[in-house]
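Everything below belongs to work-v7.cif, which stores mmCIF, C-alpha atoms.
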data_work
#
loop_
_atom_site.label_atom_id
_atom_site.label_comp_id
_atom_site.auth_asym_id
_atom_site.auth_seq_id
_atom_site.Cartn_x
_atom_site.Cartn_y
_atom_site.Cartn_z
CA MET A 20 1.59 -23.49 102.09
CA ASN A 21 4.57 -23.01 99.78
CA ASN A 22 4.99 -21.42 96.35
CA THR A 23 5.05 -24.76 94.55
CA THR A 24 1.56 -25.63 95.79
CA ILE A 25 0.15 -22.29 94.67
CA ILE A 26 1.83 -22.51 91.25
CA GLN A 27 0.49 -26.04 90.80
CA LYS A 28 -3.06 -24.90 91.64
CA LEU A 29 -2.82 -21.98 89.20
CA SER A 30 -1.69 -24.46 86.53
CA GLU A 31 -4.61 -26.79 87.29
CA LEU A 32 -7.02 -23.87 86.92
CA ASN A 33 -5.31 -22.83 83.68
CA TYR A 34 -4.64 -19.37 85.12
CA ASN A 35 -1.44 -19.07 83.13
CA GLY A 36 -1.29 -15.28 83.17
CA ALA A 37 -1.73 -15.16 86.93
CA LYS A 38 0.81 -17.96 87.35
CA ALA A 39 3.47 -16.08 85.39
CA ALA A 40 2.78 -12.96 87.45
CA TYR A 41 2.94 -14.92 90.71
CA ILE A 42 6.31 -16.38 89.74
CA ARG A 43 7.58 -12.86 88.94
CA GLN A 44 6.38 -11.65 92.31
CA SER A 45 8.14 -14.54 94.04
CA GLU A 46 11.43 -13.84 92.29
CA ASP A 47 11.47 -10.02 92.34
CA ILE A 48 12.05 -8.45 95.77
CA HIS A 49 10.54 -5.15 94.62
CA TYR A 50 7.06 -6.71 94.82
CA GLN A 51 7.55 -7.10 98.58
CA ASN A 52 7.06 -3.36 98.92
CA LEU A 53 3.52 -3.63 97.54
CA SER A 54 0.43 -4.28 99.65
CA PHE A 55 -1.52 -7.53 99.45
CA ASN A 56 -4.26 -5.82 97.42
CA GLU A 57 -1.73 -4.39 94.96
CA ARG A 58 -0.08 -7.75 94.44
CA PHE A 59 -3.41 -9.52 94.09
CA TYR A 60 -4.62 -6.94 91.58
CA ASN A 61 -1.41 -7.50 89.61
CA LEU A 62 -2.28 -11.21 89.38
CA LEU A 63 -5.79 -10.43 88.15
CA GLU A 64 -4.56 -7.88 85.62
CA SER A 65 -1.92 -10.29 84.30
CA GLN A 66 -4.56 -12.98 83.81
CA GLU A 67 -6.80 -10.50 82.00
CA ILE A 68 -3.97 -9.51 79.64
CA TYR A 69 -3.13 -13.17 79.04
CA LEU A 70 -6.72 -13.99 78.08
CA ALA A 71 -6.92 -10.94 75.79
CA ASN A 72 -3.73 -12.01 74.01
CA GLN A 73 -5.04 -15.56 73.70
CA LYS A 74 -8.20 -14.24 72.09
CA ILE A 75 -6.22 -12.10 69.63
CA SER A 76 -4.04 -15.10 68.73
CA MET A 77 -7.14 -17.23 68.13
CA LEU A 78 -8.79 -14.52 66.01
CA GLN A 79 -5.60 -14.09 63.95
CA LYS A 80 -5.53 -17.79 63.09
CA LEU A 81 -9.22 -17.79 62.27
CA SER A 82 -8.95 -14.71 60.03
CA LYS A 83 -6.72 -16.29 57.35
CA ILE A 84 -5.01 -12.91 56.97
CA LYS A 85 -1.65 -13.64 55.36
CA ASP A 86 0.28 -10.58 56.52
CA LYS A 87 -0.04 -10.61 60.30
CA GLN A 88 2.42 -7.69 60.43
CA ALA A 89 0.38 -5.38 58.20
CA SER A 90 -0.23 -2.28 60.27
CA ILE A 91 -2.11 0.97 59.84
CA ALA A 92 0.87 2.72 61.42
CA ASN A 93 3.08 1.54 58.54
CA ILE A 94 0.89 2.70 55.67
CA ASP A 95 3.05 4.78 53.32
CA TYR A 96 1.54 8.19 52.55
CA LEU A 97 3.65 8.99 49.51
CA PRO A 98 2.23 12.14 47.86
CA LYS A 99 1.57 10.39 44.54
CA ARG A 100 -0.60 7.79 46.27
CA LYS A 101 -3.01 10.56 47.32
CA ILE A 102 -4.26 8.54 50.28
CA ASN A 103 -6.92 10.21 52.40
CA LYS A 104 -5.08 10.06 55.74
CA GLN A 105 -8.03 11.44 57.66
CA LEU A 106 -10.19 8.59 56.35
CA ILE A 107 -7.55 6.05 57.38
CA ILE A 108 -7.55 7.52 60.90
CA GLU A 109 -11.34 7.31 61.01
CA LEU A 110 -11.36 3.71 59.78
CA ALA A 111 -8.67 2.83 62.34
CA SER A 112 -11.11 3.81 65.11
CA MET A 113 -13.26 0.85 64.00
CA ASN A 114 -16.38 3.02 64.17
CA PHE A 115 -17.37 1.69 60.76
CA ILE A 116 -17.72 -1.80 62.26
CA LYS A 117 -19.71 -0.48 65.22
CA SER A 118 -22.02 1.25 62.74
CA TYR A 119 -22.24 -1.77 60.38
CA GLN A 120 -20.71 0.21 57.53
CA ASN A 121 -18.49 -1.04 54.72
CA VAL A 122 -15.23 -0.03 53.04
CA ILE A 123 -14.32 -0.13 49.35
CA VAL A 124 -10.62 0.11 48.49
CA SER A 125 -9.78 0.59 44.81
CA GLY A 126 -6.57 1.04 42.86
CA CYS A 127 -4.41 -0.48 40.15
CA THR A 128 -2.32 -3.64 40.54
CA GLY A 129 0.40 -3.22 43.15
CA SER A 130 -1.03 0.00 44.59
CA GLY A 131 -1.17 -1.48 48.09
CA LYS A 132 -4.84 -2.43 48.35
CA THR A 133 -4.19 -5.80 49.95
CA TYR A 134 -1.81 -4.31 52.51
CA CYS A 135 -4.35 -1.67 53.51
CA ILE A 136 -7.24 -4.09 53.93
CA GLN A 137 -5.10 -6.54 55.88
CA ALA A 138 -3.90 -3.70 58.11
CA LEU A 139 -7.53 -2.80 58.81
CA GLY A 140 -8.25 -6.47 59.46
CA ASN A 141 -5.40 -6.76 61.94
CA ARG A 142 -6.63 -3.63 63.74
CA ALA A 143 -10.12 -5.14 63.93
CA ILE A 144 -8.69 -8.30 65.46
CA GLU A 145 -6.77 -6.25 68.03
CA ASN A 146 -10.12 -4.75 68.99
CA GLY A 147 -11.67 -8.19 69.40
CA TYR A 148 -13.70 -8.38 66.18
CA LYS A 149 -14.12 -11.74 64.49
CA THR A 150 -12.56 -11.17 61.06
CA TYR A 151 -12.10 -13.23 57.91
CA TYR A 152 -10.05 -12.60 54.76
CA ILE A 153 -10.68 -14.32 51.42
CA ARG A 154 -10.15 -13.60 47.74
CA VAL A 155 -13.40 -13.25 45.80
CA PRO A 156 -12.46 -15.94 43.20
CA THR A 157 -11.79 -18.37 46.07
CA LEU A 158 -15.07 -17.47 47.74
CA LEU A 159 -17.08 -18.01 44.57
CA GLU A 160 -15.42 -21.36 43.94
CA GLU A 161 -16.14 -22.38 47.53
CA ILE A 162 -19.81 -21.52 47.02
CA LYS A 163 -20.02 -23.54 43.79
CA ILE A 164 -18.62 -26.59 45.58
CA ALA A 165 -21.00 -26.08 48.48
CA ARG A 166 -24.01 -25.96 46.15
CA ALA A 167 -22.85 -29.15 44.44
CA THR A 168 -22.33 -30.99 47.74
CA GLY A 169 -25.47 -29.74 49.47
CA THR A 170 -23.61 -27.69 52.08
CA TYR A 171 -24.59 -24.25 50.80
CA ILE A 172 -26.55 -23.31 53.94
CA ASN A 173 -23.45 -24.05 55.99
CA ILE A 174 -21.44 -21.64 53.84
CA LEU A 175 -23.99 -18.87 54.40
CA LYS A 176 -23.89 -19.48 58.16
CA LYS A 177 -20.09 -19.46 58.10
CA TYR A 178 -19.89 -16.00 56.59
CA GLN A 179 -22.73 -14.62 58.68
CA ARG A 180 -20.78 -15.02 61.88
CA PHE A 181 -17.88 -12.74 60.98
CA GLN A 182 -18.17 -9.17 62.20
CA LEU A 183 -15.76 -8.10 59.46
CA LEU A 184 -15.49 -9.92 56.14
CA ILE A 185 -12.60 -8.86 53.87
CA LEU A 186 -13.05 -9.65 50.18
CA ASP A 187 -9.91 -9.17 48.11
CA ASP A 188 -9.41 -9.18 44.31
CA PHE A 189 -12.98 -8.31 43.37
CA GLY A 190 -13.06 -7.90 39.59
CA ILE A 191 -9.85 -9.78 38.88
CA SER A 192 -11.61 -12.63 37.04
CA GLN A 193 -14.75 -12.95 34.95
CA MET A 194 -18.03 -12.86 36.88
CA SER A 195 -20.91 -15.02 35.67
CA SER A 196 -24.55 -14.22 36.39
CA ASP A 197 -24.65 -17.11 38.89
CA ASP A 198 -21.50 -15.82 40.59
CA ALA A 199 -23.12 -12.42 41.02
CA ILE A 200 -26.18 -14.03 42.62
CA ASN A 201 -23.98 -16.03 45.00
CA LEU A 202 -22.05 -12.92 46.01
CA LEU A 203 -25.30 -11.04 46.60
CA GLU A 204 -26.54 -13.74 48.96
CA ILE A 205 -23.37 -13.53 51.02
CA LEU A 206 -23.66 -9.73 51.21
CA GLU A 207 -27.43 -9.80 51.82
CA ASP A 208 -26.97 -11.76 55.06
CA ARG A 209 -24.56 -9.10 56.32
CA VAL A 210 -26.57 -5.93 55.67
CA GLN A 211 -26.99 -3.80 58.82
CA ILE A 212 -25.59 -6.52 61.09
CA SER A 213 -21.89 -6.62 60.15
CA SER A 214 -19.26 -4.97 57.94
CA THR A 215 -17.51 -5.87 54.71
CA ILE A 216 -14.31 -4.57 53.11
CA ILE A 217 -13.88 -5.05 49.37
CA ALA A 218 -10.67 -4.41 47.44
CA SER A 219 -10.92 -4.05 43.69
CA GLN A 220 -8.91 -2.96 40.67
CA LEU A 221 -12.18 -1.81 39.14
CA PRO A 222 -13.58 1.61 39.96
CA VAL A 223 -17.07 1.44 41.43
CA SER A 224 -18.42 3.04 38.24
CA SER A 225 -17.49 -0.19 36.37
CA TRP A 226 -19.11 -2.60 38.82
CA TYR A 227 -22.56 -2.52 37.25
CA GLU A 228 -21.30 -3.79 33.91
CA TYR A 229 -18.87 -6.24 35.50
CA LEU A 230 -21.52 -8.01 37.62
CA ASN A 231 -23.18 -9.25 34.44
CA ASN A 232 -26.68 -9.26 35.89
CA ASN A 233 -28.58 -5.98 35.99
CA THR A 234 -31.00 -6.96 38.73
CA VAL A 235 -28.27 -8.35 40.98
CA ALA A 236 -26.00 -5.40 40.20
CA ASP A 237 -28.71 -3.01 41.38
CA ALA A 238 -29.13 -5.00 44.57
CA ILE A 239 -25.40 -5.22 45.36
CA LEU A 240 -24.76 -1.56 44.67
CA ASP A 241 -27.74 -0.60 46.80
CA ARG A 242 -26.72 -2.78 49.76
CA LEU A 243 -22.97 -2.22 49.66
CA VAL A 244 -21.88 0.94 47.88
CA HIS A 245 -24.28 3.39 49.50
CA SER A 246 -23.12 2.42 52.99
CA SER A 247 -19.41 2.35 52.20
CA HIS A 248 -16.39 4.52 52.84
CA ARG A 249 -14.30 4.87 49.67
CA LEU A 250 -10.51 4.66 49.75
CA GLU A 251 -8.86 5.20 46.36
CA LEU A 252 -5.15 4.43 45.97
CA GLN A 253 -3.19 6.04 43.16
CA GLY A 254 0.43 6.09 42.00
CA GLY A 255 2.60 3.26 40.71
CA SER A 256 3.25 -0.19 42.08
CA MET A 257 4.38 -0.22 45.71
CA ARG A 258 6.16 -3.51 45.02
CA ARG A 259 8.37 -1.75 42.49
CA ILE A 260 8.97 1.22 44.78
CA LYS A 261 9.97 -0.98 47.72
CA SER A 262 11.88 -3.62 45.76
CA THR A 263 15.49 -4.15 46.86
CA ILE A 264 16.43 -5.31 43.37
CA LYS A 265 18.10 -2.60 41.33
CA LYS A 266 16.13 -1.91 38.20
CA PHE A 267 17.72 -2.40 34.77
CA ASP A 268 17.07 1.19 33.71
CA GLU A 269 18.71 2.46 36.91
CA GLU A 270 21.79 0.40 36.12
CA ILE A 271 21.94 1.89 32.62
CA ASP A 272 21.82 5.40 34.08
CA GLU A 273 24.85 4.63 36.24
CA ILE A 274 27.00 3.37 33.33
#

Encoded form using structure tokens:
Amino acid sequence: MNNTTIIQKLSELNYNGAKAAYIRQSEDIHYQNLSFNERFYNLLESQEIYLANQKISMLQKLSKIKDKQASIANIDYLPKRKINKQLIIELASMNFIKSYQNVIVSGCTGSGKTYCIQALGNRAIENGYKTYYIRVPTLLEEIKIARATGTYINILKKYQRFQLLILDDFGISQMSSDDAINLLEILEDRVQISSTIIASQLPVSSWYEYLNNNTVADAILDRLVHSSHRLELQGGSMRRIKSTIKKFDEEIDEI
């Protein structure tokens, strides 16, 4: 039996990781110094890594996270941002997902909230968690359409299945009483079975008034806030700090 036959069989079985490893073994003389068991284990390990990478790729596409490169390792701990680094390290362990806890990230426009929550989302995906990112205004509009078309139950089932749901831009647009009820129903189905990250310009102390429905506000705060880690970002806009465009006032200073 020759190499071509074995490679063809690996292709038929869709063992692409093992096939790539087998081809490497065939072409690299250093593998000849390994025992049969060592070479066979290398094939199995390569297939395992291939499948893990395939799963991560699938989860990344499913997540709708825009910045696939957002990384916890690249979070900027500028002193004026006053980021709780120890909390970031704890969140990076993904223990909050294992414990069905939530995360609230707050800060002004441009403070880096979206980057942080996407970085946490990417880390969750790397750990095999089914993750989904959506802006709250988009979510609420999606629910309105679903109610009008009779597919509301399908929407609830859709968001139930994610182990981590990332809700961005909470508080950026006006919230009606009906919107608050719809948001509560999404969150209600996730209590103690999955985790949610919410990013908001509004401090938590302003949420009650913003939700525009006292009963629903009580319910949301009770289900979400009391089981959440709080990450507060301060300082100016990170977009301005990292911009490559020279600012007008800087140009004046140089004249």

Checklist entry - Expressed in Å to a single decimal, how great is the separation between CA of Leu203 in chain A and CA of Gly169 in chain A? => result 18.9 Å

Checklist entry - On this structure, which residues satisfy the PyMOL selection byres ((chain A and resi 128) around 7), written as a ChimeraX atom specification? => result /A:126-127,129-130,220,256

Give me a file of those residues, with C-alpha atoms, as a PDB file, in the coordinates of the input.
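Below is the file that was written, selection-v6.pdb:
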ATOM      1  CA  GLY A 126      -6.570   1.040  42.860  1.00  0.00           C
ATOM      2  CA  CYS A 127      -4.410  -0.480  40.150  1.00  0.00           C
ATOM      3  CA  GLY A 129       0.400  -3.220  43.150  1.00  0.00           C
ATOM      4  CA  SER A 130      -1.030   0.000  44.590  1.00  0.00           C
ATOM      5  CA  GLN A 220      -8.910  -2.960  40.670  1.00  0.00           C
ATOM      6  CA  SER A 256       3.250  -0.190  42.080  1.00  0.00           C
TER       7      SER A 256
END

Next on the checklist: Report, in Å with one decimal, the straight-line distance from CA of Asn201 in chain A to CA of Ser213 in chain A.
Outcome noted: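 A separation of 18.0 Å between them.
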
Next on the checklist: For a quick check of understanding, using all atoms listed in the file, which of A:Leu29, A:Ile48, A:Ala92, A:Ala236 has the smallest distance to Arg142 in chain A?
Outcome noted: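 Selected residue with least distance to Arg142 in chain A: A:Ala92.
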
Next on the checklist: My list of candidates is A:Gln79, A:Thr215, A:Ser118, A:Asn35. Which is closest to Glu64 in chain A when distances are computed with all atoms listed in the file?
Outcome noted: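 Result for the nearest residue to Glu64 in chain A: A:Asn35.
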
Checklist entry - Using the chain letters and numbers from the file, which residues does the PyMOL selection byres ((chain A and resi 66) around 9) grab, as a PyMOL selection string? => result chain A and resi 34-40+61-65+67-71

Output of the above residues as a compact mmCIF listing (two decimals), in the frame of the given file, restricted to C-alpha atoms:
# COMPACT_ATOMS: atom_id res chain seq x y z
CA TYR A 34 -4.64 -19.37 85.12
CA ASN A 35 -1.44 -19.07 83.13
CA GLY A 36 -1.29 -15.28 83.17
CA ALA A 37 -1.73 -15.16 86.93
CA LYS A 38 0.81 -17.96 87.35
CA ALA A 39 3.47 -16.08 85.39
CA ALA A 40 2.78 -12.96 87.45
CA ASN A 61 -1.41 -7.50 89.61
CA LEU A 62 -2.28 -11.21 89.38
CA LEU A 63 -5.79 -10.43 88.15
CA GLU A 64 -4.56 -7.88 85.62
CA SER A 65 -1.92 -10.29 84.30
CA GLU A 67 -6.80 -10.50 82.00
CA ILE A 68 -3.97 -9.51 79.64
CA TYR A 69 -3.13 -13.17 79.04
CA LEU A 70 -6.72 -13.99 78.08
CA ALA A 71 -6.92 -10.94 75.79

Next on the checklist: With the PyMOL selection byres ((chain A and resi 136) around 12) as the selection, what would be picked from this file? Answer as an MDAnalysis selection string, please.
Outcome noted: chainID A and resid 84:87 89:91 94 107 110:111 121:125 130:135 137:143 150:154 183:188 215:219 250 252

Once you have the residues from the selection above, write them out as a PDB file, in the frame of the given file, restricted to C-alpha atoms.
ATOM      1  CA  ILE A  84      -5.010 -12.910  56.970  1.00  0.00           C
ATOM      2  CA  LYS A  85      -1.650 -13.640  55.360  1.00  0.00           C
ATOM      3  CA  ASP A  86       0.280 -10.580  56.520  1.00  0.00           C
ATOM      4  CA  LYS A  87      -0.040 -10.610  60.300  1.00  0.00           C
ATOM      5  CA  ALA A  89       0.380  -5.380  58.200  1.00  0.00           C
ATOM      6  CA  SER A  90      -0.230  -2.280  60.270  1.00  0.00           C
ATOM      7  CA  ILE A  91      -2.110   0.970  59.840  1.00  0.00           C
ATOM      8  CA  ILE A  94       0.890   2.700  55.670  1.00  0.00           C
ATOM      9  CA  ILE A 107      -7.550   6.050  57.380  1.00  0.00           C
ATOM     10  CA  LEU A 110     -11.360   3.710  59.780  1.00  0.00           C
ATOM     11  CA  ALA A 111      -8.670   2.830  62.340  1.00  0.00           C
ATOM     12  CA  ASN A 121     -18.490  -1.040  54.720  1.00  0.00           C
ATOM     13  CA  VAL A 122     -15.230  -0.030  53.040  1.00  0.00           C
ATOM     14  CA  ILE A 123     -14.320  -0.130  49.350  1.00  0.00           C
ATOM     15  CA  VAL A 124     -10.620   0.110  48.490  1.00  0.00           C
ATOM     16  CA  SER A 125      -9.780   0.590  44.810  1.00  0.00           C
ATOM     17  CA  SER A 130      -1.030   0.000  44.590  1.00  0.00           C
ATOM     18  CA  GLY A 131      -1.170  -1.480  48.090  1.00  0.00           C
ATOM     19  CA  LYS A 132      -4.840  -2.430  48.350  1.00  0.00           C
ATOM     20  CA  THR A 133      -4.190  -5.800  49.950  1.00  0.00           C
ATOM     21  CA  TYR A 134      -1.810  -4.310  52.510  1.00  0.00           C
ATOM     22  CA  CYS A 135      -4.350  -1.670  53.510  1.00  0.00           C
ATOM     23  CA  GLN A 137      -5.100  -6.540  55.880  1.00  0.00           C
ATOM     24  CA  ALA A 138      -3.900  -3.700  58.110  1.00  0.00           C
ATOM     25  CA  LEU A 139      -7.530  -2.800  58.810  1.00  0.00           C
ATOM     26  CA  GLY A 140      -8.250  -6.470  59.460  1.00  0.00           C
ATOM     27  CA  ASN A 141      -5.400  -6.760  61.940  1.00  0.00           C
ATOM     28  CA  ARG A 142      -6.630  -3.630  63.740  1.00  0.00           C
ATOM     29  CA  ALA A 143     -10.120  -5.140  63.930  1.00  0.00           C
ATOM     30  CA  THR A 150     -12.560 -11.170  61.060  1.00  0.00           C
ATOM     31  CA  TYR A 151     -12.100 -13.230  57.910  1.00  0.00           C
ATOM     32  CA  TYR A 152     -10.050 -12.600  54.760  1.00  0.00           C
ATOM     33  CA  ILE A 153     -10.680 -14.320  51.420  1.00  0.00           C
ATOM     34  CA  ARG A 154     -10.150 -13.600  47.740  1.00  0.00           C
ATOM     35  CA  LEU A 183     -15.760  -8.100  59.460  1.00  0.00           C
ATOM     36  CA  LEU A 184     -15.490  -9.920  56.140  1.00  0.00           C
ATOM     37  CA  ILE A 185     -12.600  -8.860  53.870  1.00  0.00           C
ATOM     38  CA  LEU A 186     -13.050  -9.650  50.180  1.00  0.00           C
ATOM     39  CA  ASP A 187      -9.910  -9.170  48.110  1.00  0.00           C
ATOM     40  CA  ASP A 188      -9.410  -9.180  44.310  1.00  0.00           C
ATOM     41  CA  THR A 215     -17.510  -5.870  54.710  1.00  0.00           C
ATOM     42  CA  ILE A 216     -14.310  -4.570  53.110  1.00  0.00           C
ATOM     43  CA  ILE A 217     -13.880  -5.050  49.370  1.00  0.00           C
ATOM     44  CA  ALA A 218     -10.670  -4.410  47.440  1.00  0.00           C
ATOM     45  CA  SER A 219     -10.920  -4.050  43.690  1.00  0.00           C
ATOM     46  CA  LEU A 250     -10.510   4.660  49.750  1.00  0.00           C
ATOM     47  CA  LEU A 252      -5.150   4.430  45.970  1.00  0.00           C
TER      48      LEU A 252
END

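A straight line drawn from CA of Ile212 in chain A to CA of Gln179 in chain A is 8.9 Å long.
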
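Distances from A:Ser247, A:Ser30, A:Ser214, A:Ser225 to Phe181 in chain A were compared using all atoms listed in the file, and the smallest one belongs to A:Ser214.
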
Write out N, CA, C and O atoms for range 228-239 of chain A, as a CSV table (one decimal), in the frame of the given file.
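File part27.csv, as written:
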chain,number,residue,atom,x,y,z
A,228,GLU,N,-21.5,-3.0,35.1
A,228,GLU,CA,-21.3,-3.8,33.9
A,228,GLU,C,-20.6,-5.1,34.2
A,228,GLU,O,-20.9,-6.2,33.7
A,229,TYR,N,-19.7,-5.1,35.2
A,229,TYR,CA,-18.9,-6.2,35.5
A,229,TYR,C,-19.7,-7.4,36.1
A,229,TYR,O,-19.5,-8.5,35.8
A,230,LEU,N,-20.7,-7.0,36.9
A,230,LEU,CA,-21.5,-8.0,37.6
A,230,LEU,C,-22.4,-8.8,36.7
A,230,LEU,O,-22.9,-9.9,37.1
A,231,ASN,N,-22.6,-8.4,35.5
A,231,ASN,CA,-23.2,-9.2,34.4
A,231,ASN,C,-24.6,-9.7,34.7
A,231,ASN,O,-25.0,-10.8,34.3
A,232,ASN,N,-25.3,-8.9,35.6
A,232,ASN,CA,-26.7,-9.3,35.9
A,232,ASN,C,-27.3,-8.0,36.4
A,232,ASN,O,-27.1,-7.6,37.6
A,233,ASN,N,-28.1,-7.3,35.6
A,233,ASN,CA,-28.6,-6.0,36.0
A,233,ASN,C,-29.3,-6.0,37.3
A,233,ASN,O,-29.1,-5.1,38.1
A,234,THR,N,-30.2,-6.9,37.5
A,234,THR,CA,-31.0,-7.0,38.7
A,234,THR,C,-30.1,-7.1,40.0
A,234,THR,O,-30.3,-6.5,41.0
A,235,VAL,N,-29.2,-8.1,39.9
A,235,VAL,CA,-28.3,-8.4,41.0
A,235,VAL,C,-27.3,-7.2,41.2
A,235,VAL,O,-27.0,-6.8,42.3
A,236,ALA,N,-26.9,-6.6,40.1
A,236,ALA,CA,-26.0,-5.4,40.2
A,236,ALA,C,-26.7,-4.3,41.0
A,236,ALA,O,-26.1,-3.6,41.8
A,237,ASP,N,-27.9,-4.0,40.6
A,237,ASP,CA,-28.7,-3.0,41.4
A,237,ASP,C,-28.8,-3.3,42.9
A,237,ASP,O,-28.6,-2.4,43.7
A,238,ALA,N,-29.0,-4.6,43.2
A,238,ALA,CA,-29.1,-5.0,44.6
A,238,ALA,C,-27.8,-4.9,45.3
A,238,ALA,O,-27.8,-4.4,46.5
A,239,ILE,N,-26.7,-5.3,44.7
A,239,ILE,CA,-25.4,-5.2,45.4
A,239,ILE,C,-25.0,-3.8,45.6
A,239,ILE,O,-24.5,-3.4,46.7
